[in-house]
Amino acid sequence: MALEGSKLDVLDIVIIVINFVLILALGIWSSLRTNRETASGYFLAGRGMSWYLVGLSLYVSNIGSASFVGIAGTAALSGYSVISYEFTGLFCLLMLGFIFMPLYISAEVFTVPEYTKKRFGGNRLQLTLSITSIVLAILASLSSEMYAGVVIMEQSLGWNIYTCVIALLSLTGLFTVAGGLTAVIYTDAMQSIIILIGAVILASLAWVEIGGLDGLYVEYMTAVPASTVKDGNTSCGIPQENAWHIFRPASDPDYPWPGVLFGITLLSAYNWGTNQIFAQRSLAAKNLTHSAGGCILGGYLKLLPMLLMVYPGMISRALYPDDIACQTPESCEAACSNPAGCSDIAYPKLVIELMPVGLKRLMLAAMLAALMSSLTSIFNSLSSLFALDIWSKIHPQATEVELTVVGSSRLYSQLSAPCGSR
(Lines give C-alpha, C1' and ligand atoms only; values in the text may rest on other atoms or scores of the structure.)
Protein backbone atom coordinates (compact mmCIF):
# COMPACT_ATOMS: atom_id res chain seq x y z
CA MET A 1 0.00 0.00 0.00
CA ALA A 2 1.53 3.31 -1.07
CA LEU A 3 1.17 6.37 1.07
CA GLU A 4 -1.16 9.08 -0.17
CA GLY A 5 0.68 11.59 -2.26
CA SER A 6 3.33 9.20 -3.49
CA LYS A 7 2.39 9.43 -7.17
CA LEU A 8 5.39 9.96 -9.42
CA ASP A 9 5.64 12.94 -11.73
CA VAL A 10 8.09 13.58 -14.56
CA LEU A 11 10.62 15.53 -12.47
CA ASP A 12 10.68 12.80 -9.83
CA ILE A 13 11.37 10.13 -12.44
CA VAL A 14 14.14 12.22 -14.03
CA ILE A 15 15.90 12.68 -10.68
CA ILE A 16 15.79 8.95 -9.87
CA VAL A 17 17.03 7.98 -13.34
CA ILE A 18 19.90 10.50 -13.26
CA ASN A 19 20.92 9.23 -9.83
CA PHE A 20 21.11 5.61 -10.95
CA VAL A 21 22.86 6.47 -14.22
CA LEU A 22 25.56 8.40 -12.34
CA ILE A 23 26.04 5.54 -9.88
CA LEU A 24 26.31 3.01 -12.69
CA ALA A 25 28.76 5.20 -14.62
CA LEU A 26 30.92 5.64 -11.52
CA GLY A 27 30.90 1.90 -10.91
CA ILE A 28 32.02 1.18 -14.47
CA TRP A 29 34.70 3.91 -14.39
CA SER A 30 36.13 2.72 -11.10
CA SER A 31 36.15 -0.89 -12.28
CA LEU A 32 38.51 0.10 -15.10
CA ARG A 33 41.03 1.62 -12.67
CA THR A 34 41.96 -1.57 -10.84
CA ASN A 35 43.57 -4.89 -11.67
CA ARG A 36 40.66 -7.27 -11.25
CA GLU A 37 42.71 -10.36 -12.07
CA THR A 38 44.45 -10.47 -8.70
CA ALA A 39 42.88 -11.31 -5.35
CA SER A 40 44.22 -8.09 -3.84
CA GLY A 41 42.92 -5.98 -6.72
CA TYR A 42 39.44 -7.56 -6.76
CA PHE A 43 38.74 -8.21 -3.09
CA LEU A 44 40.76 -5.39 -1.46
CA ALA A 45 40.76 -2.72 -4.20
CA GLY A 46 44.52 -3.12 -4.62
CA ARG A 47 45.01 -1.83 -1.06
CA GLY A 48 45.06 1.69 -2.49
CA MET A 49 42.04 3.50 -1.02
CA SER A 50 42.45 6.90 0.63
CA TRP A 51 41.17 7.58 4.14
CA TYR A 52 38.13 9.61 3.07
CA LEU A 53 36.93 6.88 0.70
CA VAL A 54 37.36 4.28 3.45
CA GLY A 55 35.52 6.46 5.97
CA LEU A 56 32.57 7.20 3.69
CA SER A 57 32.31 3.54 2.70
CA LEU A 58 32.39 2.41 6.34
CA TYR A 59 29.61 4.84 7.20
CA VAL A 60 27.27 4.11 4.31
CA SER A 61 27.83 0.34 4.61
CA ASN A 62 26.50 0.60 8.15
CA ILE A 63 23.78 3.22 7.60
CA GLY A 64 21.62 1.42 5.09
CA SER A 65 17.92 1.64 4.36
CA ALA A 66 17.34 -0.55 7.44
CA SER A 67 18.66 2.33 9.55
CA PHE A 68 16.28 4.86 8.00
CA VAL A 69 13.39 2.51 8.65
CA GLY A 70 14.53 0.93 11.92
CA ILE A 71 16.13 3.81 13.84
CA ALA A 72 13.45 6.34 12.89
CA GLY A 73 10.67 3.83 13.60
CA THR A 74 12.06 2.83 16.99
CA ALA A 75 12.63 6.48 17.94
CA ALA A 76 9.03 7.24 17.02
CA LEU A 77 7.84 4.71 19.57
CA SER A 78 10.41 4.91 22.38
CA GLY A 79 12.52 8.05 21.90
CA TYR A 80 16.23 8.66 22.34
CA SER A 81 17.53 5.30 23.56
CA VAL A 82 17.88 3.68 20.14
CA ILE A 83 20.79 6.05 19.46
CA SER A 84 22.81 3.92 21.91
CA TYR A 85 23.69 1.63 19.00
CA GLU A 86 25.18 4.54 17.07
CA PHE A 87 27.08 6.16 19.95
CA THR A 88 28.66 2.89 21.09
CA GLY A 89 29.48 2.19 17.45
CA LEU A 90 31.43 5.44 17.36
CA PHE A 91 33.91 4.20 19.97
CA CYS A 92 34.04 0.72 18.48
CA LEU A 93 34.91 2.22 15.10
CA LEU A 94 37.96 3.74 16.76
CA MET A 95 38.76 0.31 18.20
CA LEU A 96 38.68 -1.06 14.66
CA GLY A 97 41.13 1.55 13.44
CA PHE A 98 43.57 1.55 16.35
CA ILE A 99 43.36 -1.96 17.85
CA PHE A 100 42.06 -4.45 15.29
CA MET A 101 43.51 -3.05 12.06
CA PRO A 102 47.16 -3.07 13.21
CA LEU A 103 46.73 -6.79 13.86
CA TYR A 104 44.99 -7.51 10.56
CA ILE A 105 47.39 -5.43 8.46
CA SER A 106 50.53 -6.81 10.11
CA ALA A 107 49.23 -10.34 9.51
CA GLU A 108 48.69 -9.47 5.80
CA VAL A 109 45.27 -11.14 5.69
CA PHE A 110 42.33 -10.71 3.34
CA THR A 111 39.57 -11.85 5.70
CA VAL A 112 38.93 -11.99 9.44
CA PRO A 113 38.67 -15.82 9.45
CA GLU A 114 42.08 -15.96 7.77
CA TYR A 115 43.50 -14.02 10.71
CA THR A 116 42.17 -16.61 13.15
CA LYS A 117 44.04 -19.31 11.23
CA LYS A 118 47.29 -17.38 11.37
CA ARG A 119 46.80 -16.53 15.02
CA PHE A 120 45.61 -19.89 16.36
CA GLY A 121 46.59 -22.37 13.61
CA GLY A 122 44.55 -25.03 11.78
CA ASN A 123 41.81 -24.77 9.18
CA ARG A 124 38.76 -25.78 11.20
CA LEU A 125 38.42 -22.48 13.05
CA GLN A 126 38.82 -20.51 9.84
CA LEU A 127 36.20 -22.57 8.01
CA THR A 128 33.77 -22.53 10.93
CA LEU A 129 34.01 -18.76 11.37
CA SER A 130 33.69 -18.15 7.63
CA ILE A 131 30.61 -20.35 7.24
CA THR A 132 29.04 -18.84 10.36
CA SER A 133 29.70 -15.31 9.06
CA ILE A 134 28.10 -16.11 5.70
CA VAL A 135 24.99 -17.63 7.28
CA LEU A 136 24.56 -14.78 9.78
CA ALA A 137 25.04 -12.14 7.08
CA ILE A 138 22.35 -13.72 4.90
CA LEU A 139 19.88 -14.26 7.74
CA ALA A 140 20.45 -10.96 9.55
CA SER A 141 22.05 -8.26 7.40
CA LEU A 142 20.72 -9.21 3.97
CA SER A 143 17.18 -10.00 5.10
CA SER A 144 16.85 -6.77 7.13
CA GLU A 145 18.10 -4.63 4.25
CA MET A 146 15.74 -6.29 1.82
CA TYR A 147 12.81 -5.80 4.21
CA ALA A 148 13.67 -2.12 4.65
CA GLY A 149 13.92 -1.70 0.88
CA VAL A 150 10.50 -3.31 0.46
CA VAL A 151 8.99 -0.93 3.04
CA ILE A 152 10.48 2.12 1.33
CA MET A 153 9.35 1.10 -2.16
CA GLU A 154 5.89 0.00 -1.06
CA GLN A 155 5.13 3.12 0.91
CA SER A 156 6.78 5.63 -1.42
CA LEU A 157 6.11 4.21 -4.85
CA GLY A 158 3.49 1.52 -4.78
CA TRP A 159 5.51 -0.38 -7.39
CA ASN A 160 5.43 -4.12 -7.92
CA ILE A 161 7.79 -5.40 -5.26
CA TYR A 162 9.35 -8.24 -7.23
CA THR A 163 10.12 -6.00 -10.18
CA CYS A 164 11.79 -3.43 -7.93
CA VAL A 165 13.81 -6.02 -6.03
CA ILE A 166 15.07 -7.70 -9.20
CA ALA A 167 16.00 -4.33 -10.75
CA LEU A 168 17.86 -3.18 -7.66
CA LEU A 169 19.72 -6.45 -7.23
CA SER A 170 20.66 -6.50 -10.92
CA LEU A 171 22.04 -2.97 -10.83
CA THR A 172 23.79 -3.62 -7.53
CA GLY A 173 25.37 -6.81 -8.78
CA LEU A 174 26.47 -5.31 -12.09
CA PHE A 175 29.17 -3.00 -10.78
CA THR A 176 29.93 -5.22 -7.77
CA VAL A 177 30.81 -8.14 -10.02
CA ALA A 178 32.50 -6.00 -12.66
CA GLY A 179 34.70 -3.89 -10.41
CA GLY A 180 35.00 -5.75 -7.12
CA LEU A 181 35.64 -3.74 -3.97
CA THR A 182 36.97 -0.74 -5.93
CA ALA A 183 33.59 -0.16 -7.58
CA VAL A 184 31.80 -0.74 -4.27
CA ILE A 185 33.89 1.83 -2.35
CA TYR A 186 33.67 4.53 -5.04
CA THR A 187 29.91 4.15 -5.40
CA ASP A 188 29.57 4.07 -1.61
CA ALA A 189 31.35 7.43 -1.42
CA MET A 190 29.03 8.98 -4.01
CA GLN A 191 25.92 7.52 -2.43
CA SER A 192 26.94 8.67 1.04
CA ILE A 193 26.92 12.27 -0.24
CA ILE A 194 23.44 11.76 -1.73
CA ILE A 195 22.23 10.24 1.53
CA LEU A 196 23.59 13.07 3.66
CA ILE A 197 22.20 15.80 1.39
CA GLY A 198 18.75 14.26 1.30
CA ALA A 199 18.67 13.52 5.03
CA VAL A 200 19.79 17.05 5.98
CA ILE A 201 17.11 18.60 3.77
CA LEU A 202 14.37 16.39 5.23
CA ALA A 203 15.53 16.95 8.82
CA SER A 204 15.53 20.73 8.25
CA LEU A 205 12.00 20.67 6.83
CA ALA A 206 10.84 18.50 9.74
CA TRP A 207 12.28 20.87 12.34
CA VAL A 208 10.59 23.83 10.66
CA GLU A 209 7.29 21.96 10.56
CA ILE A 210 7.38 20.97 14.25
CA GLY A 211 8.66 24.32 15.52
CA GLY A 212 12.01 23.35 17.04
CA LEU A 213 12.88 21.23 20.06
CA ASP A 214 10.31 22.90 22.33
CA GLY A 215 7.60 22.27 19.78
CA LEU A 216 8.71 18.65 19.40
CA TYR A 217 8.53 18.04 23.15
CA VAL A 218 4.99 19.38 23.39
CA GLU A 219 3.73 17.64 20.26
CA TYR A 220 5.45 14.31 20.96
CA MET A 221 4.19 14.04 24.52
CA THR A 222 0.63 14.68 23.32
CA ALA A 223 0.87 12.45 20.23
CA VAL A 224 -1.71 9.90 21.36
CA PRO A 225 -3.48 7.89 18.63
CA ALA A 226 -7.23 8.16 18.32
CA SER A 227 -7.70 4.48 19.16
CA THR A 228 -6.14 5.02 22.60
CA VAL A 229 -8.22 8.14 23.23
CA LYS A 230 -11.36 6.27 22.22
CA ASP A 231 -10.69 3.31 24.52
CA GLY A 232 -9.84 5.54 27.46
CA ASN A 233 -8.77 2.64 29.69
CA THR A 234 -5.36 1.82 28.28
CA SER A 235 -1.90 3.34 28.38
CA CYS A 236 -0.93 1.88 25.01
CA GLY A 237 0.30 4.54 22.62
CA ILE A 238 0.87 7.18 25.30
CA PRO A 239 4.43 8.65 25.12
CA GLN A 240 6.50 8.32 28.28
CA GLU A 241 8.84 10.86 29.84
CA ASN A 242 11.78 8.42 29.60
CA ALA A 243 11.62 8.82 25.82
CA TRP A 244 13.95 11.81 26.35
CA HIS A 245 16.65 9.80 28.11
CA ILE A 246 19.38 7.61 26.62
CA PHE A 247 20.27 5.97 29.93
CA ARG A 248 17.21 4.59 31.68
CA PRO A 249 16.70 2.74 34.98
CA ALA A 250 17.83 -0.87 35.19
CA SER A 251 14.18 -1.86 35.47
CA ASP A 252 13.32 -0.39 32.04
CA PRO A 253 11.89 -3.19 29.84
CA ASP A 254 13.37 -1.84 26.59
CA TYR A 255 16.72 -0.14 27.24
CA PRO A 256 18.00 -0.73 30.81
CA TRP A 257 21.27 1.11 31.36
CA PRO A 258 23.34 -2.05 32.10
CA GLY A 259 22.22 -3.49 28.78
CA VAL A 260 23.03 -0.28 26.96
CA LEU A 261 26.42 0.16 28.61
CA PHE A 262 27.64 -3.42 28.46
CA GLY A 263 25.41 -5.41 26.12
CA ILE A 264 25.16 -3.00 23.20
CA THR A 265 28.84 -2.03 23.55
CA LEU A 266 29.89 -5.68 23.37
CA LEU A 267 27.66 -6.21 20.35
CA SER A 268 29.12 -3.14 18.64
CA ALA A 269 32.69 -4.28 19.36
CA TYR A 270 31.96 -7.62 17.70
CA ASN A 271 30.20 -5.99 14.77
CA TRP A 272 32.87 -3.39 14.01
CA GLY A 273 35.95 -5.38 14.99
CA THR A 274 35.27 -8.78 13.44
CA ASN A 275 32.64 -8.19 10.76
CA GLN A 276 34.15 -8.85 7.34
CA ILE A 277 32.04 -6.09 5.78
CA PHE A 278 33.83 -3.37 7.75
CA ALA A 279 37.23 -5.01 8.14
CA GLN A 280 37.46 -5.46 4.36
CA ARG A 281 37.03 -1.73 3.75
CA SER A 282 39.71 -0.85 6.27
CA LEU A 283 42.04 -3.47 4.77
CA ALA A 284 41.62 -1.74 1.40
CA ALA A 285 43.30 1.43 2.73
CA LYS A 286 46.74 2.46 1.47
CA ASN A 287 48.33 1.93 4.85
CA LEU A 288 47.56 1.88 8.56
CA THR A 289 47.39 5.68 8.74
CA HIS A 290 44.73 5.86 6.03
CA SER A 291 42.85 2.99 7.68
CA ALA A 292 42.81 4.80 11.04
CA GLY A 293 41.84 8.07 9.34
CA GLY A 294 38.89 6.37 7.66
CA CYS A 295 37.71 5.01 11.01
CA ILE A 296 37.97 8.48 12.58
CA LEU A 297 35.90 9.98 9.76
CA GLY A 298 33.35 7.19 10.13
CA GLY A 299 33.21 7.88 13.86
CA TYR A 300 32.40 11.54 13.31
CA LEU A 301 29.66 10.57 10.86
CA LYS A 302 28.15 8.26 13.48
CA LEU A 303 27.08 11.39 15.37
CA LEU A 304 24.67 12.32 12.58
CA PRO A 305 21.90 9.70 13.03
CA MET A 306 20.72 11.50 16.17
CA LEU A 307 19.90 14.55 14.08
CA LEU A 308 19.03 12.83 10.80
CA MET A 309 17.07 9.76 11.97
CA VAL A 310 16.13 9.81 15.67
CA TYR A 311 14.66 13.31 15.75
CA PRO A 312 12.86 12.92 12.39
CA GLY A 313 11.34 9.65 13.64
CA MET A 314 10.02 11.39 16.75
CA ILE A 315 8.76 14.30 14.66
CA SER A 316 6.90 11.88 12.40
CA ARG A 317 5.17 10.39 15.47
CA ALA A 318 4.29 13.88 16.68
CA LEU A 319 2.83 14.93 13.34
CA TYR A 320 1.00 11.73 12.41
CA PRO A 321 0.18 9.83 15.62
CA ASP A 322 -2.81 7.96 14.21
CA ASP A 323 -0.64 6.40 11.51
CA ILE A 324 2.77 5.94 13.17
CA ALA A 325 1.54 5.04 16.67
CA CYS A 326 -1.56 3.05 15.71
CA GLN A 327 -2.49 0.50 18.40
CA THR A 328 -5.24 -1.70 17.00
CA PRO A 329 -4.84 -4.17 14.12
CA GLU A 330 -7.68 -2.46 12.28
CA SER A 331 -6.18 1.04 12.45
CA CYS A 332 -2.71 -0.24 11.53
CA GLU A 333 -4.10 -2.19 8.60
CA ALA A 334 -5.76 0.98 7.34
CA ALA A 335 -2.60 3.07 7.83
CA CYS A 336 0.09 0.83 6.35
CA SER A 337 -1.42 -2.57 5.51
CA ASN A 338 0.45 -4.12 8.44
CA PRO A 339 -1.74 -5.10 11.40
CA ALA A 340 1.34 -5.59 13.60
CA GLY A 341 2.21 -1.88 13.63
CA CYS A 342 3.22 1.07 11.46
CA SER A 343 6.29 2.55 13.14
CA ASP A 344 8.40 1.38 10.18
CA ILE A 345 6.76 3.96 7.93
CA ALA A 346 7.79 6.91 10.13
CA TYR A 347 10.61 8.04 7.84
CA PRO A 348 8.90 7.34 4.47
CA LYS A 349 5.83 9.18 5.80
CA LEU A 350 7.91 12.31 6.41
CA VAL A 351 9.40 12.05 2.93
CA ILE A 352 6.00 11.88 1.27
CA GLU A 353 4.32 14.54 3.40
CA LEU A 354 7.06 17.18 3.78
CA MET A 355 9.38 16.99 0.78
CA PRO A 356 8.38 19.14 -2.23
CA VAL A 357 8.18 17.76 -5.76
CA GLY A 358 11.62 16.81 -7.07
CA LEU A 359 13.25 16.84 -3.64
CA LYS A 360 10.81 14.14 -2.62
CA ARG A 361 12.38 11.71 -5.06
CA LEU A 362 15.86 12.95 -4.23
CA MET A 363 15.20 11.67 -0.72
CA LEU A 364 13.80 8.45 -2.11
CA ALA A 365 16.90 8.14 -4.26
CA ALA A 366 18.99 8.67 -1.11
CA MET A 367 17.20 5.86 0.72
CA LEU A 368 17.52 3.57 -2.28
CA ALA A 369 21.20 4.52 -2.49
CA ALA A 370 21.57 3.48 1.14
CA LEU A 371 19.92 0.18 0.30
CA MET A 372 22.22 -0.42 -2.66
CA SER A 373 25.32 0.49 -0.66
CA SER A 374 24.46 -1.98 2.05
CA LEU A 375 23.69 -4.70 -0.48
CA THR A 376 26.93 -4.19 -2.40
CA SER A 377 28.88 -4.31 0.87
CA ILE A 378 27.19 -7.53 1.95
CA PHE A 379 27.55 -9.24 -1.43
CA ASN A 380 31.20 -8.29 -1.87
CA SER A 381 32.14 -9.46 1.61
CA LEU A 382 30.27 -12.75 1.27
CA SER A 383 31.94 -13.49 -2.05
CA SER A 384 35.32 -12.76 -0.42
CA LEU A 385 34.63 -15.15 2.44
CA PHE A 386 33.50 -17.91 0.11
CA ALA A 387 36.32 -17.57 -2.42
CA LEU A 388 39.24 -16.96 -0.05
CA ASP A 389 38.28 -19.04 2.99
CA ILE A 390 36.20 -21.89 1.57
CA TRP A 391 37.02 -22.36 -2.11
CA SER A 392 40.74 -22.03 -1.46
CA LYS A 393 40.44 -25.07 0.85
CA ILE A 394 38.43 -27.06 -1.68
CA HIS A 395 40.96 -26.25 -4.44
CA PRO A 396 44.29 -25.46 -2.75
CA GLN A 397 45.96 -24.93 -6.13
CA ALA A 398 43.47 -22.27 -7.23
CA THR A 399 45.08 -19.29 -8.96
CA GLU A 400 44.19 -15.70 -8.13
CA VAL A 401 42.22 -15.41 -11.38
CA GLU A 402 40.21 -18.50 -10.41
CA LEU A 403 39.47 -17.04 -6.98
CA THR A 404 38.14 -13.79 -8.50
CA VAL A 405 35.97 -15.76 -10.94
CA VAL A 406 34.63 -17.94 -8.13
CA GLY A 407 33.92 -14.83 -6.05
CA SER A 408 31.95 -13.30 -8.92
CA SER A 409 30.05 -16.54 -9.55
CA ARG A 410 29.19 -16.83 -5.88
CA LEU A 411 27.86 -13.29 -5.95
CA TYR A 412 25.39 -14.16 -8.71
CA SER A 413 24.02 -17.04 -6.62
CA GLN A 414 23.57 -14.66 -3.68
CA LEU A 415 21.74 -12.18 -5.89
CA SER A 416 19.22 -14.78 -6.99
CA ALA A 417 18.38 -15.93 -3.47
CA PRO A 418 16.40 -12.91 -2.17
CA CYS A 419 14.26 -12.50 -5.27
CA GLY A 420 11.81 -15.19 -4.29
CA SER A 421 12.12 -14.82 -0.55
CA ARG A 422 9.22 -12.48 0.14
# chains A, B, ... in the order shown; residues from 1 in each chain; ligands from 1
$ closest_atom_pairs --of "stretch 73-126 of chain A" --to "stretch 249-255 of chain A" --cutoff "12 Å" --atoms "only C-alpha atoms" --output "JSON lines"
{"residue": "A:Thr74", "atom": "CA", "partner": "A:Asp254", "partner_atom": "CA", "distance": 10.8}
{"residue": "A:Leu77", "atom": "CA", "partner": "A:Asp254", "partner_atom": "CA", "distance": 11.1}
{"residue": "A:Ser78", "atom": "CA", "partner": "A:Asp254", "partner_atom": "CA", "distance": 8.5}
{"residue": "A:Gly79", "atom": "CA", "partner": "A:Tyr255", "partner_atom": "CA", "distance": 10.6}
{"residue": "A:Tyr80", "atom": "CA", "partner": "A:Tyr255", "partner_atom": "CA", "distance": 10.1}
{"residue": "A:Ser81", "atom": "CA", "partner": "A:Tyr255", "partner_atom": "CA", "distance": 6.6}
{"residue": "A:Val82", "atom": "CA", "partner": "A:Tyr255", "partner_atom": "CA", "distance": 8.1}
{"residue": "A:Ile83", "atom": "CA", "partner": "A:Tyr255", "partner_atom": "CA", "distance": 10.7}
{"residue": "A:Ser84", "atom": "CA", "partner": "A:Tyr255", "partner_atom": "CA", "distance": 9.1}
{"residue": "A:Tyr85", "atom": "CA", "partner": "A:Tyr255", "partner_atom": "CA", "distance": 10.9}
$ write_last_selection --atoms "N, CA, C and O atoms" --output "PDB file, in the first residue's frame"
ATOM      1  N   THR A  74      11.899   3.096  15.558  1.00  0.00           N
ATOM      2  CA  THR A  74      12.060   2.835  16.989  1.00  0.00           C
ATOM      3  C   THR A  74      12.028   4.125  17.787  1.00  0.00           C
ATOM      4  O   THR A  74      11.447   4.196  18.876  1.00  0.00           O
ATOM      5  N   LEU A  77       8.570   5.398  18.513  1.00  0.00           N
ATOM      6  CA  LEU A  77       7.844   4.706  19.574  1.00  0.00           C
ATOM      7  C   LEU A  77       8.450   4.938  20.954  1.00  0.00           C
ATOM      8  O   LEU A  77       7.723   5.095  21.932  1.00  0.00           O
ATOM      9  N   SER A  78       9.798   4.924  21.047  1.00  0.00           N
ATOM     10  CA  SER A  78      10.415   4.907  22.375  1.00  0.00           C
ATOM     11  C   SER A  78      11.426   6.017  22.614  1.00  0.00           C
ATOM     12  O   SER A  78      12.036   6.058  23.689  1.00  0.00           O
ATOM     13  N   GLY A  79      11.682   6.894  21.652  1.00  0.00           N
ATOM     14  CA  GLY A  79      12.520   8.055  21.900  1.00  0.00           C
ATOM     15  C   GLY A  79      14.005   7.848  21.693  1.00  0.00           C
ATOM     16  O   GLY A  79      14.432   7.086  20.828  1.00  0.00           O
ATOM     17  N   TYR A  80      14.791   8.515  22.541  1.00  0.00           N
ATOM     18  CA  TYR A  80      16.226   8.658  22.341  1.00  0.00           C
ATOM     19  C   TYR A  80      17.034   7.362  22.383  1.00  0.00           C
ATOM     20  O   TYR A  80      18.080   7.257  21.745  1.00  0.00           O
ATOM     21  N   SER A  81      16.638   6.393  23.176  1.00  0.00           N
ATOM     22  CA  SER A  81      17.533   5.299  23.558  1.00  0.00           C
ATOM     23  C   SER A  81      18.085   4.497  22.392  1.00  0.00           C
ATOM     24  O   SER A  81      19.160   3.908  22.506  1.00  0.00           O
ATOM     25  N   VAL A  82      17.389   4.459  21.275  1.00  0.00           N
ATOM     26  CA  VAL A  82      17.878   3.683  20.140  1.00  0.00           C
ATOM     27  C   VAL A  82      19.208   4.220  19.625  1.00  0.00           C
ATOM     28  O   VAL A  82      19.970   3.486  18.983  1.00  0.00           O
ATOM     29  N   ILE A  83      19.527   5.480  19.930  1.00  0.00           N
ATOM     30  CA  ILE A  83      20.793   6.051  19.464  1.00  0.00           C
ATOM     31  C   ILE A  83      21.973   5.400  20.165  1.00  0.00           C
ATOM     32  O   ILE A  83      23.136   5.601  19.760  1.00  0.00           O
ATOM     33  N   SER A  84      21.732   4.621  21.203  1.00  0.00           N
ATOM     34  CA  SER A  84      22.815   3.916  21.906  1.00  0.00           C
ATOM     35  C   SER A  84      23.633   3.072  20.943  1.00  0.00           C
ATOM     36  O   SER A  84      24.856   2.968  21.086  1.00  0.00           O
ATOM     37  N   TYR A  85      22.981   2.458  19.966  1.00  0.00           N
ATOM     38  CA  TYR A  85      23.694   1.630  19.000  1.00  0.00           C
ATOM     39  C   TYR A  85      24.694   2.460  18.197  1.00  0.00           C
ATOM     40  O   TYR A  85      25.790   1.993  17.872  1.00  0.00           O
TER      41      TYR A  85
END
$ residues_around --residues "A:Ile131" --least-positions-apart "5" --cutoff "9 Å" --atoms "only C-alpha atoms" --output "ChimeraX atom specification"
/A:126,136,385-386,389-390
$ atom_distance --atom1 "atom CA of A:Phe262" --atom2 "atom CA of A:Gly299"
19.3 Å
$ atom_distance --atom1 "atom CA of A:Tyr220" --atom2 "atom CA of A:Ser316"
9.0 Å
$ closest_residue --among "A:Ala398, A:Cys342, A:Val14, A:Ile315" --to "A:Glu209" --atoms "only C-alpha atoms"
A:Ile315
$ residues_around --residues "A:Pro339" --least-positions-apart "3" --cutoff "12 Å" --atoms "only C-alpha atoms" --output "PyMOL selection string"
chain A and resi 323+325-336+342-343
$ closest_residue --among "A:Pro312, A:Gly198, A:Gly293, A:Gly273" --to "A:Gly212" --atoms "only C-alpha atoms"
A:Pro312
$ residues_around --residues "A:Lys302" --least-positions-apart "4" --cutoff "8 Å" --atoms "only C-alpha atoms" --output "list in words"
Tyr59, Glu86, Phe87, Gly89, Leu90 and Gly298 of chain A
$ write_last_selection --atoms "N, CA, C and O atoms" --output "PDB file, in the first residue's frame"
ATOM      1  N   TYR A  59      30.842   4.231   6.691  1.00  0.00           N
ATOM      2  CA  TYR A  59      29.612   4.841   7.195  1.00  0.00           C
ATOM      3  C   TYR A  59      28.394   4.360   6.423  1.00  0.00           C
ATOM      4  O   TYR A  59      27.397   3.912   7.012  1.00  0.00           O
ATOM      5  N   GLU A  86      24.307   3.692  17.877  1.00  0.00           N
ATOM      6  CA  GLU A  86      25.185   4.539  17.073  1.00  0.00           C
ATOM      7  C   GLU A  86      26.325   5.110  17.910  1.00  0.00           C
ATOM      8  O   GLU A  86      27.474   5.158  17.455  1.00  0.00           O
ATOM      9  N   PHE A  87      26.036   5.544  19.126  1.00  0.00           N
ATOM     10  CA  PHE A  87      27.077   6.160  19.953  1.00  0.00           C
ATOM     11  C   PHE A  87      28.111   5.133  20.421  1.00  0.00           C
ATOM     12  O   PHE A  87      29.303   5.437  20.500  1.00  0.00           O
ATOM     13  N   GLY A  89      28.782   2.501  18.692  1.00  0.00           N
ATOM     14  CA  GLY A  89      29.480   2.186  17.450  1.00  0.00           C
ATOM     15  C   GLY A  89      30.581   3.174  17.138  1.00  0.00           C
ATOM     16  O   GLY A  89      31.593   2.821  16.534  1.00  0.00           O
ATOM     17  N   LEU A  90      30.407   4.419  17.565  1.00  0.00           N
ATOM     18  CA  LEU A  90      31.435   5.440  17.363  1.00  0.00           C
ATOM     19  C   LEU A  90      32.751   5.009  18.009  1.00  0.00           C
ATOM     20  O   LEU A  90      33.813   5.026  17.372  1.00  0.00           O
ATOM     21  N   GLY A 298      34.579   7.940   9.897  1.00  0.00           N
ATOM     22  CA  GLY A 298      33.348   7.192  10.130  1.00  0.00           C
ATOM     23  C   GLY A 298      32.786   7.440  11.510  1.00  0.00           C
ATOM     24  O   GLY A 298      31.561   7.519  11.694  1.00  0.00           O
TER      25      GLY A 298
END
$ residues_around --residues "A:Ser106" --least-positions-apart "3" --cutoff "12 Å" --atoms "only C-alpha atoms" --output "list in words"
Ile99, Phe100, Met101, Pro102, Leu103, Val109, Phe110, Tyr115, Lys118, Arg119, Leu283, Asn287 and Leu288 of chain A
$ atom_distance --atom1 "atom CA of A:Ser374" --atom2 "atom CA of A:Ser40"
21.5 Å
$ closest_residue --among "A:Tyr270, A:Tyr217, A:Tyr320, A:Tyr147" --to "A:Val112" --atoms "only C-alpha atoms"
A:Tyr270
$ closest_residue --among "A:Ser130, A:Ala387, A:Val208, A:Phe247" --to "A:Glu402" --atoms "only C-alpha atoms"
A:Ala387
$ closest_residue --among "A:Tyr52, A:Tyr347, A:Trp391, A:Tyr42" --to "A:Met190" --atoms "only C-alpha atoms"
A:Tyr52
